[in-house]
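K.L.:
Structure provided below as structure tokens; questions to follow.
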Amino acid sequence: MATVRPVAELRAFVRAALVDPVPRDHTESDSAFRRRRVVAVVTLLVGAGVLAWALRIEPGDPTFYLATLALAVVWAVGAFASGPLHLGHGHTRAGGEPSRAVVQSLALGALLLAVFLAGALLVAQVPFLRDPVQALLDHARYGSLGVVALLTVVNGVAEELYFRGALFAGVGRRHAVAVTTVVYALVTATSGIPLRVFAAGVVGLVVGLQRGVTGGILGPPVTHLTWSLGMLFLLPAVLDRLS
């Protein structure tokens, strides 16, 4: 009986965070919807190009910081230019009035982090998977970890504003989760790092479902940053210890 309750609690949490949507009405006019789509497509093309440039800069090169900041500006400007963005609400544990999904998002990000760190046990033993990840982490090893962490925050927020804000709203309600997840993974594929693409697909799916439930852009950045900052600080130590 002692093991049943934690499983039931986890199932209830996942359902509240990723399955059952909070009621809302974010309907917009046809002209506003078309404008959002045009802005989203233009932003996507520019952002994909800047990302490809940023990820091909050698570790230790200060240009990487500039390129990463430029990418965040592209995503954020495109997101806000596309139209109104809503913060959204999450279900409460007590089942009362919905509230901002901050604590729920922190827990969701921590679960993602735990899963990926567990996966690192396998990655560390496979050079084909490990070496490209180590090369990406070299930007933090050979540069300023503090600056890289700050840029991780800025970019994580900007990405979610665009992908789970502007693009999600521009796709339409029926296929928004699937389309934004696939597009996010394809954009990340410009890095040439298979595990980064896989991570983008998994994280993109989770925050996409979260966006569909909450109806806003507050929860996804919190989840994304909990995961990405945890990976930045913990993954290098895990890979070095197990390699």
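Quick note on naming: the chains in the structure tokens go A, B, ... in the order shown, residues restart at 1 in each chain, and ligands are numbered from 1 in order of appearance.
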Per residue of segment 43-160 of chain A within 10 Å of segment 207-226 of chain A, record the nearest atom pair and its distance in Å to one decimal, counting only C-alpha atoms, with rows in chain order and ascending residue number, as a tab-separated table.
P.N.:
residue	atom	partner	partner_atom	distance
A:Leu85	CA	A:Ile217	CA	7.0
A:His86	CA	A:Gly216	CA	4.7
A:Leu87	CA	A:Gly216	CA	4.3
A:Gly88	CA	A:Gly216	CA	3.6
A:His89	CA	A:Thr214	CA	4.8
A:Gly90	CA	A:Thr214	CA	5.1
A:His91	CA	A:Thr214	CA	8.0
A:Pro98	CA	A:Thr214	CA	9.1
A:Ser99	CA	A:Thr214	CA	9.5
A:Arg100	CA	A:Leu218	CA	7.6
A:Ala101	CA	A:Gly219	CA	5.6
A:Val102	CA	A:Gly219	CA	6.2
A:Val103	CA	A:Val222	CA	8.9
A:Gln104	CA	A:Gly219	CA	8.0
A:Ser105	CA	A:Thr223	CA	4.8
A:Leu106	CA	A:Thr223	CA	5.6
A:Ala107	CA	A:Thr223	CA	7.8
A:Leu108	CA	A:Thr223	CA	6.0
A:Gly109	CA	A:Thr223	CA	4.2
A:Ala110	CA	A:Thr226	CA	6.3
A:Leu111	CA	A:Thr223	CA	9.5
A:Leu112	CA	A:Thr223	CA	8.5
A:Leu113	CA	A:Thr226	CA	7.6
A:Thr152	CA	A:Leu225	CA	7.7
A:Val153	CA	A:Leu225	CA	6.3
A:Val154	CA	A:Leu225	CA	9.4
A:Asn155	CA	A:Leu225	CA	9.4
A:Gly156	CA	A:Leu225	CA	6.1
A:Val157	CA	A:Pro221	CA	5.2
A:Ala158	CA	A:Pro221	CA	8.4
A:Glu159	CA	A:Pro221	CA	8.2
A:Glu160	CA	A:Pro221	CA	5.6
K.L.:
Once you have the residues from the selection above, write them out as a compact mmCIF listing (two decimals), in the first residue's frame, restricted to C-alpha atoms.
P.N.:
# COMPACT_ATOMS: atom_id res chain seq x y z
CA LEU A 85 0.76 36.62 -25.12
CA HIS A 86 -1.11 35.29 -22.09
CA LEU A 87 0.51 34.12 -18.83
CA GLY A 88 -1.99 31.31 -18.30
CA HIS A 89 -3.11 29.41 -15.20
CA GLY A 90 -2.55 25.96 -13.75
CA HIS A 91 -4.71 23.62 -11.69
CA PRO A 98 -6.67 28.04 -11.03
CA SER A 99 -3.45 29.85 -10.07
CA ARG A 100 -0.16 30.71 -11.76
CA ALA A 101 1.61 27.40 -12.44
CA VAL A 102 4.99 28.27 -10.93
CA VAL A 103 5.42 25.52 -8.32
CA GLN A 104 3.88 22.97 -10.67
CA SER A 105 6.36 24.02 -13.38
CA LEU A 106 9.34 23.75 -11.02
CA ALA A 107 8.30 20.19 -10.15
CA LEU A 108 7.83 19.32 -13.83
CA GLY A 109 11.29 20.68 -14.67
CA ALA A 110 12.84 18.73 -11.80
CA LEU A 111 11.26 15.51 -13.08
CA LEU A 112 12.66 16.16 -16.55
CA LEU A 113 16.09 16.85 -15.08
CA THR A 152 20.89 30.05 -20.77
CA VAL A 153 18.22 31.88 -18.78
CA VAL A 154 17.75 34.62 -21.36
CA ASN A 155 17.59 32.17 -24.26
CA GLY A 156 15.35 29.71 -22.44
CA VAL A 157 12.78 32.43 -21.74
CA ALA A 158 13.03 33.82 -25.28
CA GLU A 159 12.63 30.37 -26.85
CA GLU A 160 9.49 29.68 -24.85
K.L.:
Hey, which of A:Arg174, A:Arg164, A:His139, A:Arg93 ends up closest to Arg56 of chain A? Count only C-alpha atoms.
P.N.:
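Looking at the shortest contact to Arg56 of chain A, the residue is A:His139.
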K.L.:
So, counting only C-alpha atoms, which residue among A:Leu136, A:Val42, A:Ala124, A:Ala8 is closest to Gly60 of chain A?
P.N.:
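Result for the nearest residue to Gly60 of chain A: A:Leu136.
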K.L.:
For a test of reading the model, state the distance in Å between atom CA of Thr181 of chain A and atom CA of Leu45 of chain A, rounded to one decimal.
P.N.:
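So the two atoms, atom CA of Thr181 of chain A and atom CA of Leu45 of chain A, lie 16.1 Å apart.
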K.L.:
Could you state the separation of atom CA of Arg35 of chain A and atom CA of Ser82 of chain A in Å, given to one decimal place?
P.N.:
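These atoms are spaced 6.8 Å apart.
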K.L.:
Could you name the residues that touch Ile57 of chain A at 9 Å or less, counting only C-alpha atoms, but leaving out those on the same chain fewer than 6 positions away, as a ChimeraX atom specification?
P.N.:
/A:63-64,67
K.L.:
Hey, what's within 7 Å of segment 30-34 of chain A if we count only C-alpha atoms and toss same-chain stuff fewer than 3 positions away? As a list in words, please?
P.N.:
Arg37, Val38 and Gly170 of chain A
K.L.:
Counting only C-alpha atoms, what is within 8 Å of segment 142-151 of chain A, bar same-chain residues fewer than 6 positions away, as a ChimeraX atom specification?
P.N.:
/A:59-62,65,68-69,229,232
K.L.:
Do you have the atom CA of Ala199 of chain A-atom CA of Pro236 of chain A distance handy?
P.N.:
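One can read the atom CA of Ala199 of chain A to atom CA of Pro236 of chain A distance as 15.9 Å.
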